[in-house]
>>> print(open('final.pdb').read())   # PDB, C-alpha atoms
MODEL        1
ATOM      1  CA  MET A   1     -62.482 -35.384 -24.212
ATOM      2  CA  LYS A   2     -59.533 -37.666 -24.799
ATOM      3  CA  ILE A   3     -60.445 -41.062 -23.350
ATOM      4  CA  CYS A   4     -58.587 -44.378 -23.466
ATOM      5  CA  VAL A   5     -60.438 -47.561 -22.614
ATOM      6  CA  TYR A   6     -57.972 -50.122 -21.269
ATOM      7  CA  GLY A   7     -59.523 -53.502 -22.014
ATOM      8  CA  ALA A   8     -61.563 -54.462 -25.076
ATOM      9  CA  GLY A   9     -63.960 -56.983 -23.595
ATOM     10  CA  ALA A  10     -67.723 -56.620 -23.542
ATOM     11  CA  ILE A  11     -67.909 -53.726 -21.067
ATOM     12  CA  GLY A  12     -64.838 -51.907 -22.353
ATOM     13  CA  GLY A  13     -65.899 -52.336 -25.952
ATOM     14  CA  LEU A  14     -69.379 -50.990 -25.262
ATOM     15  CA  MET A  15     -68.021 -47.970 -23.396
ATOM     16  CA  ALA A  16     -65.486 -47.226 -26.120
ATOM     17  CA  ALA A  17     -68.059 -47.514 -28.885
ATOM     18  CA  TRP A  18     -70.714 -45.339 -27.286
ATOM     19  CA  LEU A  19     -68.222 -42.672 -26.190
ATOM     20  CA  ALA A  20     -66.728 -42.563 -29.700
ATOM     21  CA  ARG A  21     -70.188 -42.318 -31.212
ATOM     22  CA  ALA A  22     -70.858 -39.331 -28.920
ATOM     23  CA  GLY A  23     -67.879 -37.505 -30.402
ATOM     24  CA  HIS A  24     -65.091 -38.089 -27.900
ATOM     25  CA  GLU A  25     -61.524 -38.898 -28.974
ATOM     26  CA  VAL A  26     -61.437 -42.559 -27.953
ATOM     27  CA  SER A  27     -58.625 -45.084 -28.078
ATOM     28  CA  LEU A  28     -58.693 -48.715 -27.018
ATOM     29  CA  VAL A  29     -56.019 -50.962 -25.545
ATOM     30  CA  ALA A  30     -56.754 -54.385 -27.032
ATOM     31  CA  ARG A  31     -54.852 -57.560 -27.756
ATOM     32  CA  GLY A  32     -55.000 -60.778 -29.736
ATOM     33  CA  ALA A  33     -57.976 -61.695 -31.886
ATOM     34  CA  GLN A  34     -59.965 -58.745 -30.566
ATOM     35  CA  LEU A  35     -57.325 -56.273 -31.753
ATOM     36  CA  ASP A  36     -57.038 -57.975 -35.152
ATOM     37  CA  ALA A  37     -60.798 -57.906 -35.694
ATOM     38  CA  ILE A  38     -61.097 -54.249 -34.694
ATOM     39  CA  GLY A  39     -58.281 -53.379 -37.084
ATOM     40  CA  ARG A  40     -59.994 -55.179 -39.977
ATOM     41  CA  HIS A  41     -63.659 -54.328 -39.469
ATOM     42  CA  GLY A  42     -63.813 -51.659 -36.793
ATOM     43  CA  LEU A  43     -65.432 -52.203 -33.409
ATOM     44  CA  ARG A  44     -68.894 -53.612 -34.048
ATOM     45  CA  VAL A  45     -71.678 -53.139 -31.502
ATOM     46  CA  ARG A  46     -75.039 -54.881 -31.589
ATOM     47  CA  SER A  47     -77.796 -53.224 -29.546
ATOM     48  CA  GLN A  48     -81.590 -53.286 -29.818
ATOM     49  CA  GLY A  49     -81.417 -55.373 -32.987
ATOM     50  CA  LYS A  50     -79.060 -53.046 -34.839
ATOM     51  CA  THR A  51     -75.340 -53.454 -35.512
ATOM     52  CA  GLU A  52     -72.999 -50.552 -36.167
ATOM     53  CA  SER A  53     -69.270 -50.425 -36.816
ATOM     54  CA  LEU A  54     -67.025 -47.679 -35.459
ATOM     55  CA  ARG A  55     -63.450 -47.010 -36.430
ATOM     56  CA  ILE A  56     -61.560 -46.598 -33.163
ATOM     57  CA  LYS A  57     -57.821 -46.357 -32.653
ATOM     58  CA  ALA A  58     -56.718 -49.623 -31.091
ATOM     59  CA  ASP A  59     -53.278 -50.868 -30.107
ATOM     60  CA  ALA A  60     -51.740 -53.384 -27.731
ATOM     61  CA  ASN A  61     -49.259 -50.759 -26.500
ATOM     62  CA  PRO A  62     -50.722 -47.910 -24.413
ATOM     63  CA  ALA A  63     -47.710 -45.776 -25.316
ATOM     64  CA  ALA A  64     -49.247 -45.402 -28.791
ATOM     65  CA  PHE A  65     -51.901 -43.031 -27.435
ATOM     66  CA  GLY A  66     -50.145 -40.617 -25.078
ATOM     67  CA  ALA A  67     -51.584 -38.836 -22.038
ATOM     68  CA  GLN A  68     -55.367 -38.881 -21.667
ATOM     69  CA  ASP A  69     -58.051 -36.933 -19.845
ATOM     70  CA  TYR A  70     -59.526 -40.218 -18.626
ATOM     71  CA  VAL A  71     -58.454 -43.854 -18.659
ATOM     72  CA  LEU A  72     -61.283 -46.365 -18.205
ATOM     73  CA  VAL A  73     -59.835 -49.611 -16.840
ATOM     74  CA  THR A  74     -62.208 -52.442 -17.759
ATOM     75  CA  VAL A  75     -59.977 -55.527 -17.497
ATOM     76  CA  LYS A  76     -60.604 -58.461 -15.164
ATOM     77  CA  ALA A  77     -58.846 -58.366 -11.790
ATOM     78  CA  GLN A  78     -56.310 -61.030 -12.785
ATOM     79  CA  ASN A  79     -55.005 -58.686 -15.499
ATOM     80  CA  LEU A  80     -54.593 -55.601 -13.328
ATOM     81  CA  THR A  81     -50.899 -56.154 -12.728
ATOM     82  CA  ASP A  82     -50.399 -55.914 -16.512
ATOM     83  CA  VAL A  83     -52.166 -52.548 -16.342
ATOM     84  CA  ALA A  84     -49.837 -51.423 -13.555
ATOM     85  CA  ASP A  85     -46.840 -52.283 -15.741
ATOM     86  CA  SER A  86     -47.971 -50.323 -18.800
ATOM     87  CA  ILE A  87     -50.439 -47.566 -17.868
ATOM     88  CA  ALA A  88     -47.842 -44.843 -17.194
ATOM     89  CA  PRO A  89     -47.755 -43.388 -20.765
ATOM     90  CA  LEU A  90     -51.503 -42.711 -20.541
ATOM     91  CA  LEU A  91     -51.243 -40.692 -17.328
ATOM     92  CA  GLY A  92     -50.728 -36.965 -17.550
ATOM     93  CA  THR A  93     -50.711 -34.582 -14.597
ATOM     94  CA  ASP A  94     -54.519 -34.397 -14.406
ATOM     95  CA  THR A  95     -55.528 -37.792 -15.832
ATOM     96  CA  SER A  96     -58.313 -39.585 -13.966
ATOM     97  CA  VAL A  97     -58.618 -43.374 -13.884
ATOM     98  CA  VAL A  98     -62.082 -44.941 -13.843
ATOM     99  CA  THR A  99     -62.089 -48.498 -12.473
ATOM    100  CA  ALA A 100     -65.020 -50.340 -14.048
ATOM    101  CA  MET A 101     -64.836 -53.967 -12.982
ATOM    102  CA  ASN A 102     -66.389 -56.660 -10.834
ATOM    103  CA  GLY A 103     -65.330 -57.602  -7.344
ATOM    104  CA  VAL A 104     -63.519 -55.663  -4.644
ATOM    105  CA  PRO A 105     -61.324 -52.879  -6.046
ATOM    106  CA  TRP A 106     -57.714 -52.804  -4.892
ATOM    107  CA  TRP A 107     -58.270 -49.307  -3.420
ATOM    108  CA  PHE A 108     -61.174 -50.460  -1.220
ATOM    109  CA  PHE A 109     -59.536 -49.767   2.145
ATOM    110  CA  HIS A 110     -58.271 -46.380   0.940
ATOM    111  CA  GLY A 111     -61.889 -45.339   0.469
ATOM    112  CA  LEU A 112     -62.585 -46.384   4.053
ATOM    113  CA  LYS A 113     -59.788 -44.083   5.259
ATOM    114  CA  ARG A 114     -57.653 -47.082   6.191
ATOM    115  CA  ARG A 115     -54.768 -46.194   3.917
ATOM    116  CA  ASP A 116     -52.312 -48.223   5.952
ATOM    117  CA  GLU A 117     -54.129 -51.393   4.924
ATOM    118  CA  ARG A 118     -53.748 -53.084   1.550
ATOM    119  CA  LEU A 119     -55.360 -56.102  -0.066
ATOM    120  CA  GLU A 120     -52.340 -58.224  -0.882
ATOM    121  CA  SER A 121     -54.422 -60.700  -2.902
ATOM    122  CA  LEU A 122     -55.435 -57.915  -5.298
ATOM    123  CA  ASP A 123     -52.451 -55.572  -5.093
ATOM    124  CA  PRO A 124     -49.345 -57.692  -4.457
ATOM    125  CA  GLY A 125     -46.552 -55.569  -3.034
ATOM    126  CA  GLY A 126     -48.566 -52.374  -3.566
ATOM    127  CA  LYS A 127     -47.728 -52.259  -7.274
ATOM    128  CA  LEU A 128     -51.172 -51.055  -8.353
ATOM    129  CA  SER A 129     -51.401 -48.411  -5.646
ATOM    130  CA  ARG A 130     -48.103 -46.947  -6.794
ATOM    131  CA  ALA A 131     -49.005 -47.034 -10.490
ATOM    132  CA  ILE A 132     -52.521 -45.623  -9.993
ATOM    133  CA  PRO A 133     -52.713 -43.445  -6.874
ATOM    134  CA  THR A 134     -56.152 -43.362  -5.271
ATOM    135  CA  ALA A 135     -56.286 -39.585  -5.787
ATOM    136  CA  ARG A 136     -56.749 -40.291  -9.518
ATOM    137  CA  VAL A 137     -59.497 -42.894  -9.094
ATOM    138  CA  VAL A 138     -63.196 -42.768  -9.884
ATOM    139  CA  GLY A 139     -64.962 -46.019  -9.039
ATOM    140  CA  CYS A 140     -67.568 -47.373 -11.448
ATOM    141  CA  VAL A 141     -70.118 -50.076 -10.619
ATOM    142  CA  ILE A 142     -71.666 -51.702 -13.694
ATOM    143  CA  HIS A 143     -75.281 -52.770 -13.912
ATOM    144  CA  LEU A 144     -75.704 -53.967 -17.490
ATOM    145  CA  ALA A 145     -75.357 -57.168 -19.468
ATOM    146  CA  ALA A 146     -73.073 -57.462 -22.493
ATOM    147  CA  SER A 147     -71.044 -60.161 -24.218
ATOM    148  CA  THR A 148     -68.547 -60.713 -27.027
ATOM    149  CA  PRO A 149     -70.034 -63.414 -29.303
ATOM    150  CA  GLU A 150     -66.998 -63.192 -31.592
ATOM    151  CA  PRO A 151     -63.822 -61.109 -31.861
ATOM    152  CA  GLY A 152     -64.550 -57.484 -32.634
ATOM    153  CA  LEU A 153     -68.277 -57.759 -31.869
ATOM    154  CA  VAL A 154     -69.901 -56.539 -28.647
ATOM    155  CA  SER A 155     -73.492 -57.521 -27.967
ATOM    156  CA  HIS A 156     -75.333 -55.160 -25.632
ATOM    157  CA  ASN A 157     -77.944 -57.390 -24.089
ATOM    158  CA  MET A 158     -79.668 -55.436 -21.336
ATOM    159  CA  GLY A 159     -79.351 -52.400 -19.078
ATOM    160  CA  ALA A 160     -77.140 -49.318 -19.247
ATOM    161  CA  ARG A 161     -76.757 -48.256 -15.603
ATOM    162  CA  LEU A 162     -73.421 -47.078 -14.212
ATOM    163  CA  ILE A 163     -72.777 -45.809 -10.676
ATOM    164  CA  LEU A 164     -69.787 -43.472 -10.272
ATOM    165  CA  GLY A 165     -68.030 -42.154  -7.197
ATOM    166  CA  GLU A 166     -64.618 -41.437  -5.747
ATOM    167  CA  PRO A 167     -63.113 -43.469  -2.896
ATOM    168  CA  GLY A 168     -64.201 -41.988   0.420
ATOM    169  CA  GLY A 169     -67.176 -40.159  -1.081
ATOM    170  CA  GLU A 170     -65.544 -36.786  -1.700
ATOM    171  CA  ASN A 171     -66.633 -36.491  -5.327
ATOM    172  CA  THR A 172     -64.888 -33.772  -7.308
ATOM    173  CA  ALA A 173     -65.123 -32.331 -10.797
ATOM    174  CA  ARG A 174     -63.329 -35.406 -12.170
ATOM    175  CA  THR A 175     -66.429 -37.481 -11.387
ATOM    176  CA  GLY A 176     -68.839 -34.898 -12.771
ATOM    177  CA  ARG A 177     -67.066 -34.608 -16.118
ATOM    178  CA  ILE A 178     -66.930 -38.318 -16.843
ATOM    179  CA  ALA A 179     -70.507 -38.751 -15.586
ATOM    180  CA  ASP A 180     -71.646 -36.118 -18.096
ATOM    181  CA  ALA A 181     -69.671 -37.760 -20.905
ATOM    182  CA  LEU A 182     -71.085 -41.219 -20.204
ATOM    183  CA  THR A 183     -74.608 -39.846 -19.887
ATOM    184  CA  SER A 184     -74.371 -38.085 -23.236
ATOM    185  CA  ALA A 185     -73.060 -41.338 -24.711
ATOM    186  CA  GLY A 186     -76.267 -43.165 -23.741
ATOM    187  CA  PHE A 187     -75.539 -44.669 -20.332
ATOM    188  CA  GLU A 188     -77.819 -44.206 -17.324
ATOM    189  CA  VAL A 189     -75.392 -42.664 -14.854
ATOM    190  CA  VAL A 190     -75.823 -42.141 -11.123
ATOM    191  CA  THR A 191     -73.197 -40.569  -8.861
ATOM    192  CA  SER A 192     -72.781 -41.828  -5.320
ATOM    193  CA  LYS A 193     -71.037 -40.565  -2.199
ATOM    194  CA  THR A 194     -70.867 -44.145  -0.926
ATOM    195  CA  ILE A 195     -69.267 -45.964  -3.850
ATOM    196  CA  GLU A 196     -67.848 -48.620  -1.511
ATOM    197  CA  LYS A 197     -71.411 -49.564  -0.566
ATOM    198  CA  GLU A 198     -72.388 -49.758  -4.252
ATOM    199  CA  PHE A 199     -69.460 -52.073  -4.948
ATOM    200  CA  TRP A 200     -70.553 -54.261  -2.034
ATOM    201  CA  VAL A 201     -74.145 -54.505  -3.289
ATOM    202  CA  LYS A 202     -72.807 -55.632  -6.667
ATOM    203  CA  LEU A 203     -70.353 -57.964  -4.934
ATOM    204  CA  LEU A 204     -73.174 -59.919  -3.280
ATOM    205  CA  GLY A 205     -74.259 -61.097  -6.712
ATOM    206  CA  ASN A 206     -70.779 -61.432  -8.189
ATOM    207  CA  VAL A 207     -69.455 -63.630  -5.372
ATOM    208  CA  SER A 208     -72.457 -65.962  -5.504
ATOM    209  CA  PHE A 209     -73.862 -66.090  -9.041
ATOM    210  CA  ASN A 210     -70.581 -65.907 -10.988
ATOM    211  CA  PRO A 211     -68.621 -68.804  -9.445
ATOM    212  CA  VAL A 212     -71.718 -71.000  -9.032
ATOM    213  CA  SER A 213     -72.689 -70.423 -12.665
ATOM    214  CA  ALA A 214     -69.218 -71.570 -13.736
ATOM    215  CA  LEU A 215     -69.335 -74.680 -11.534
ATOM    216  CA  THR A 216     -72.781 -75.672 -12.789
ATOM    217  CA  VAL A 217     -72.489 -74.282 -16.340
ATOM    218  CA  SER A 218     -75.889 -72.691 -15.792
ATOM    219  CA  THR A 219     -77.574 -69.414 -16.607
ATOM    220  CA  ALA A 220     -78.730 -67.235 -13.723
ATOM    221  CA  ASP A 221     -82.399 -68.095 -14.078
ATOM    222  CA  ARG A 222     -81.658 -71.798 -13.561
ATOM    223  CA  LEU A 223     -79.659 -71.068 -10.411
ATOM    224  CA  ILE A 224     -82.548 -69.063  -8.988
ATOM    225  CA  ALA A 225     -85.106 -71.711  -9.949
ATOM    226  CA  ASP A 226     -83.352 -74.499  -8.022
ATOM    227  CA  PRO A 227     -84.269 -74.109  -4.315
ATOM    228  CA  LEU A 228     -81.090 -75.806  -3.090
ATOM    229  CA  VAL A 229     -78.772 -73.718  -5.234
ATOM    230  CA  LYS A 230     -80.646 -70.544  -4.398
ATOM    231  CA  ALA A 231     -80.400 -71.305  -0.664
ATOM    232  CA  TYR A 232     -76.655 -71.872  -1.030
ATOM    233  CA  MET A 233     -76.217 -68.507  -2.770
ATOM    234  CA  VAL A 234     -78.341 -66.762  -0.125
ATOM    235  CA  GLY A 235     -76.028 -68.235   2.532
ATOM    236  CA  ILE A 236     -72.996 -66.839   0.725
ATOM    237  CA  MET A 237     -74.657 -63.431   0.448
ATOM    238  CA  ARG A 238     -75.316 -63.396   4.189
ATOM    239  CA  GLU A 239     -71.624 -64.054   4.837
ATOM    240  CA  VAL A 240     -70.587 -61.284   2.465
ATOM    241  CA  LEU A 241     -73.032 -58.883   4.125
ATOM    242  CA  ALA A 242     -71.445 -59.678   7.512
ATOM    243  CA  ILE A 243     -67.936 -59.135   6.131
ATOM    244  CA  GLY A 244     -68.889 -55.717   4.774
ATOM    245  CA  ARG A 245     -70.539 -54.608   8.004
ATOM    246  CA  ALA A 246     -67.463 -55.639   9.973
ATOM    247  CA  VAL A 247     -65.346 -53.104   8.051
ATOM    248  CA  GLY A 248     -67.961 -50.354   8.003
ATOM    249  CA  VAL A 249     -69.764 -51.024   4.721
ATOM    250  CA  ASP A 250     -73.411 -51.970   5.084
ATOM    251  CA  ALA A 251     -74.928 -52.960   1.739
ATOM    252  CA  ALA A 252     -78.337 -52.618   3.421
ATOM    253  CA  ILE A 253     -80.055 -55.076   1.113
ATOM    254  CA  ASP A 254     -81.731 -58.393   1.820
ATOM    255  CA  PRO A 255     -80.316 -61.345  -0.164
ATOM    256  CA  GLU A 256     -83.770 -62.042  -1.604
ATOM    257  CA  ALA A 257     -83.892 -58.469  -2.930
ATOM    258  CA  ARG A 258     -80.405 -58.908  -4.421
ATOM    259  CA  ILE A 259     -81.573 -62.087  -6.152
ATOM    260  CA  ASP A 260     -84.564 -60.167  -7.506
ATOM    261  CA  MET A 261     -82.070 -57.770  -9.159
ATOM    262  CA  ALA A 262     -80.654 -60.744 -11.069
ATOM    263  CA  ARG A 263     -84.070 -62.266 -11.722
ATOM    264  CA  VAL A 264     -85.189 -59.313 -13.858
ATOM    265  CA  LEU A 265     -82.279 -59.979 -16.226
ATOM    266  CA  GLY A 266     -83.823 -63.335 -17.099
ATOM    267  CA  LYS A 267     -81.785 -66.010 -18.852
ATOM    268  CA  PHE A 268     -78.309 -64.510 -18.844
ATOM    269  CA  LYS A 269     -74.799 -65.886 -18.605
ATOM    270  CA  THR A 270     -72.534 -64.349 -16.001
ATOM    271  CA  SER A 271     -69.201 -63.019 -17.214
ATOM    272  CA  THR A 272     -67.469 -65.913 -15.420
ATOM    273  CA  LEU A 273     -69.532 -68.473 -17.320
ATOM    274  CA  GLN A 274     -68.795 -66.656 -20.574
ATOM    275  CA  ASP A 275     -65.064 -66.813 -19.777
ATOM    276  CA  LEU A 276     -65.312 -70.517 -18.881
ATOM    277  CA  GLU A 277     -66.919 -71.337 -22.223
ATOM    278  CA  ALA A 278     -64.416 -69.178 -24.122
ATOM    279  CA  GLY A 279     -61.426 -70.850 -22.449
ATOM    280  CA  LYS A 280     -60.320 -67.596 -20.808
ATOM    281  CA  PRO A 281     -58.903 -67.235 -17.273
ATOM    282  CA  LEU A 282     -61.687 -67.080 -14.695
ATOM    283  CA  GLU A 283     -62.163 -64.097 -12.395
ATOM    284  CA  VAL A 284     -61.505 -66.019  -9.201
ATOM    285  CA  ASP A 285     -59.197 -63.882  -7.048
ATOM    286  CA  GLY A 286     -60.903 -60.596  -7.882
ATOM    287  CA  LEU A 287     -64.248 -61.898  -6.666
ATOM    288  CA  LEU A 288     -63.358 -64.313  -3.891
ATOM    289  CA  ALA A 289     -59.766 -63.966  -2.698
ATOM    290  CA  GLY A 290     -60.160 -60.255  -2.014
ATOM    291  CA  THR A 291     -63.456 -60.788  -0.199
ATOM    292  CA  LEU A 292     -61.959 -63.522   1.976
ATOM    293  CA  GLU A 293     -58.878 -61.436   2.749
ATOM    294  CA  ILE A 294     -61.182 -58.726   4.079
ATOM    295  CA  ALA A 295     -63.031 -61.389   6.105
ATOM    296  CA  GLU A 296     -59.756 -62.545   7.634
ATOM    297  CA  LYS A 297     -58.709 -58.990   8.512
ATOM    298  CA  ALA A 298     -62.118 -58.407  10.104
ATOM    299  CA  GLY A 299     -62.229 -61.752  11.935
ATOM    300  CA  VAL A 300     -65.448 -62.853  10.223
ATOM    301  CA  ALA A 301     -66.059 -66.535   9.521
ATOM    302  CA  ALA A 302     -67.175 -67.281   5.964
ATOM    303  CA  PRO A 303     -67.157 -71.080   5.477
ATOM    304  CA  LEU A 304     -69.518 -71.146   2.496
ATOM    305  CA  THR A 305     -67.543 -68.480   0.656
ATOM    306  CA  GLN A 306     -64.293 -70.286   1.459
ATOM    307  CA  SER A 307     -65.573 -73.585   0.105
ATOM    308  CA  LEU A 308     -66.842 -71.876  -3.042
ATOM    309  CA  PHE A 309     -63.413 -70.290  -3.555
ATOM    310  CA  GLY A 310     -61.731 -73.667  -3.271
ATOM    311  CA  LEU A 311     -64.170 -75.336  -5.642
ATOM    312  CA  VAL A 312     -64.102 -72.749  -8.415
ATOM    313  CA  ARG A 313     -60.324 -72.292  -8.150
ATOM    314  CA  THR A 314     -59.823 -76.052  -8.534
ATOM    315  CA  ARG A 315     -62.262 -76.049 -11.467
ATOM    316  CA  ALA A 316     -60.301 -73.277 -13.157
ATOM    317  CA  GLN A 317     -56.944 -74.934 -12.457
ATOM    318  CA  SER A 318     -58.139 -78.202 -13.985
ATOM    319  CA  THR A 319     -58.548 -76.543 -17.385
ATOM    320  CA  GLY A 320     -55.670 -74.062 -17.106
ATOM    321  CA  GLN A 321     -58.050 -71.150 -16.542
ATOM    322  CA  TYR A 322     -56.680 -69.870 -13.239
ATOM    323  CA  LYS A 323     -54.384 -66.885 -13.363
ATOM    324  CA  LYS A 324     -53.353 -65.713  -9.921
ATOM    325  CA  SER A 325     -53.436 -61.963  -9.356
ATOM    326  CA  ALA A 326     -49.698 -61.497  -8.872
TER     327      ALA A 326
ENDMDL
END
>>> encode(input="final.pdb", output="structure tokens")
Amino acid sequence: MKICVYGAGAIGGLMAAWLARAGHEVSLVARGAQLDAIGRHGLRVRSQGKTESLRIKADANPAAFGAQDYVLVTVKAQNLTDVADSIAPLLGTDTSVVTAMNGVPWWFFHGLKRRDERLESLDPGGKLSRAIPTARVVGCVIHLAASTPEPGLVSHNMGARLILGEPGGENTARTGRIADALTSAGFEVVTSKTIEKEFWVKLLGNVSFNPVSALTVSTADRLIADPLVKAYMVGIMREVLAIGRAVGVDAAIDPEARIDMARVLGKFKTSTLQDLEAGKPLEVDGLLAGTLEIAEKAGVAAPLTQSLFGLVRTRAQSTGQYKKSA
């Protein structure tokens, strides 16, 4: 298949590399030092102690690649408006768009059959919804750990699980085809008829671990080991569970069980902590602003989540690492 991965970070790079290795025609939208390194040395992937280099077409301009069978969008939420501006050349009549990212997706309410509602914090003015209609979308929840130790190098650290499903649960052939492709590439793929629930389960960890790890500059194991910090994150998870239930999405998981999911990963840095240390914009709005907008629409109080949003946003602003999703 002809597949373009839009975003050359750790997740996007890993997906591009493994899909290319499996024989698909893969291209990669990349920028800056990452694009330069890929052009010089290929896309290098380190996994299970081995490093391989793959020559993959990479360009900063999506128009260089033409219409695709699938576009895998793997950028952070704060960069989605850039995708909306430039994705059109990649979209043919039957192109599907796989959204593989943290946080609440901009199409969340569409999947709940509330198409009249929009998350302004994630999709200002409806720009994303117009550029990428929900009918094209396959949601992807990521359960793996990867990083980019240097430009052009992706380190696959742990896990390979991906959960795929279309908004609203009416999975079609578009989900089956990309699930087969990702499975043959080496990922552990599960399809779900409740992808909104899967996003919410992941969100419990993203909303708590990611911002707190950035504020404390700590790996996940240290956050879990401190009883006070752990209790704070459990409180946030309980708020997020209540927000989801208020709009019809029950994650159906106890916060302690969600923490156990992170515990098995051991000493790992969240993507937000990695971005903090690399001087990149932090994923603040995608994780917290969208969640709190849903809380406001649902009339659910979330004081711990609100305070965390204010703290991590101020932290990011102090070092010029806050880019509003607009």
>>> residues_around(input="final.pdb", residues="range 296-307 of chain A", least_positions_apart="3", cutoff="12 Å", atoms="only C-alpha atoms", output="ChimeraX atom specification")
/A:109,117-121,204,206-209,211-212,231-249,284-285,287-293,310-314
>>> residues_around(input="final.pdb", residues="Glu283 in chain A", least_positions_apart="2", cutoff="7 Å", atoms="all atoms listed in the file", output="PyMOL selection string")
chain A and resi 76-78+272+281+285-287
>>> resolve_selection(input="final.pdb", expression="the PyMOL selection byres ((chain A and resi 169) around 8)", output="PDB file with C-alpha atoms, in the coordinates of the input")
ATOM      1  CA  GLY A 111     -61.889 -45.339   0.469  1.00  0.00           C
ATOM      2  CA  GLY A 165     -68.030 -42.154  -7.197  1.00  0.00           C
ATOM      3  CA  GLU A 166     -64.618 -41.437  -5.747  1.00  0.00           C
ATOM      4  CA  PRO A 167     -63.113 -43.469  -2.896  1.00  0.00           C
ATOM      5  CA  GLY A 168     -64.201 -41.988   0.420  1.00  0.00           C
ATOM      6  CA  GLU A 170     -65.544 -36.786  -1.700  1.00  0.00           C
ATOM      7  CA  ASN A 171     -66.633 -36.491  -5.327  1.00  0.00           C
ATOM      8  CA  SER A 192     -72.781 -41.828  -5.320  1.00  0.00           C
ATOM      9  CA  LYS A 193     -71.037 -40.565  -2.199  1.00  0.00           C
ATOM     10  CA  THR A 194     -70.867 -44.145  -0.926  1.00  0.00           C
ATOM     11  CA  ILE A 195     -69.267 -45.964  -3.850  1.00  0.00           C
TER      12      ILE A 195
END
>>> residues_around(input="final.pdb", residues="Gly39 in chain A", least_positions_apart="6", cutoff="9 Å", atoms="all atoms listed in the file", output="count of residues only")
6
>>> closest_residue(input="final.pdb", among="A:Leu54, A:Val190, A:Met1, A:Ala131", to="Ala88 in chain A", atoms="only C-alpha atoms")
A:Ala131
>>> closest_residue(input="final.pdb", among="A:Val229, A:Val83, A:Ala146, A:Ile224", to="Arg263 in chain A", atoms="all atoms listed in the file")
A:Ile224
>>> residues_around(input="final.pdb", residues="Thr175 in chain A", least_positions_apart="6", cutoff="12 Å", atoms="only C-alpha atoms", output="VMD selection string")
chain A and resid 69 to 70 95 to 99 135 to 140 163 to 167 169 181 to 182 189 to 193 195
>>> resolve_selection(input="final.pdb", expression="the PyMOL selection byres ((chain A and resi 47) around 12)", output="list in words")
Leu14, Ala17, Trp18, Arg44, Val45, Arg46, Gln48, Gly49, Lys50, Thr51, Glu52, Ser53, Ala145, Ala146, Ser147, Leu153, Val154, Ser155, His156, Asn157, Met158, Gly159, Ala160 and Gly186 of chain A
>>> atom_distance(input="final.pdb", atom1="CA of Leu203 in chain A", atom2="CA of Asp275 in chain A")
18.1 Å
>>> closest_residue(input="final.pdb", among="A:Ile3, A:Glu25, A:Val264, A:Ala100", to="Val73 in chain A", atoms="all atoms listed in the file")
A:Ala100
>>> residues_around(input="final.pdb", residues="Lys280 in chain A", least_positions_apart="6", cutoff="10 Å", atoms="only C-alpha atoms", output="list in words")
Thr272, Leu273, Gln274, Ala316, Thr319, Gly320, Gln321, Tyr322 and Lys323 of chain A
>>> resolve_selection(input="final.pdb", expression="the PyMOL selection byres ((chain A and resi 4) around 7)", output="count of residues only")
11
>>> closest_residue(input="final.pdb", among="A:Ile253, A:Ile142, A:Glu277, A:Leu265", to="Ser218 in chain A", atoms="all atoms listed in the file")
A:Glu277
>>> decode(input="final.pdb", residues="range 92-102 of chain A", atoms="N, CA and C atoms", output="mmCIF file, in the first residue's frame")
data_model
loop_
_atom_site.group_PDB
_atom_site.id
_atom_site.type_symbol
_atom_site.label_atom_id
_atom_site.label_comp_id
_atom_site.auth_asym_id
_atom_site.auth_seq_id
_atom_site.Cartn_x
_atom_site.Cartn_y
_atom_site.Cartn_z
ATOM 1 N N GLY A 92 -6.632 11.445 -1.564
ATOM 2 C CA GLY A 92 -7.390 11.086 -2.747
ATOM 3 C C GLY A 92 -8.822 10.774 -2.365
ATOM 4 N N THR A 93 -9.608 10.309 -3.311
ATOM 5 C CA THR A 93 -11.023 10.038 -3.062
ATOM 6 C C THR A 93 -11.225 9.036 -1.929
ATOM 7 N N ASP A 94 -10.375 8.001 -1.867
ATOM 8 C CA ASP A 94 -10.572 6.925 -0.899
ATOM 9 C C ASP A 94 -9.503 6.882 0.192
ATOM 10 N N THR A 95 -8.744 7.955 0.351
ATOM 11 C CA THR A 95 -7.680 7.971 1.363
ATOM 12 C C THR A 95 -8.257 7.948 2.775
ATOM 13 N N SER A 96 -7.691 7.087 3.618
ATOM 14 C CA SER A 96 -8.060 7.051 5.032
ATOM 15 C C SER A 96 -6.982 7.757 5.847
ATOM 16 N N VAL A 97 -7.390 8.355 6.949
ATOM 17 C CA VAL A 97 -6.466 9.073 7.830
ATOM 18 C C VAL A 97 -6.486 8.409 9.206
ATOM 19 N N VAL A 98 -5.337 7.903 9.617
ATOM 20 C CA VAL A 98 -5.201 7.258 10.921
ATOM 21 C C VAL A 98 -4.630 8.282 11.907
ATOM 22 N N THR A 99 -5.361 8.560 12.970
ATOM 23 C CA THR A 99 -4.902 9.534 13.965
ATOM 24 C C THR A 99 -4.263 8.776 15.122
ATOM 25 N N ALA A 100 -2.945 8.835 15.194
ATOM 26 C CA ALA A 100 -2.184 8.111 16.213
ATOM 27 C C ALA A 100 -1.494 9.124 17.111
ATOM 28 N N MET A 101 -2.154 9.484 18.203
ATOM 29 C CA MET A 101 -1.621 10.544 19.057
ATOM 30 C C MET A 101 -2.194 10.416 20.460
ATOM 31 N N ASN A 102 -1.612 11.157 21.381
ATOM 32 C CA ASN A 102 -2.095 11.172 22.753
ATOM 33 C C ASN A 102 -3.257 12.145 22.903
#
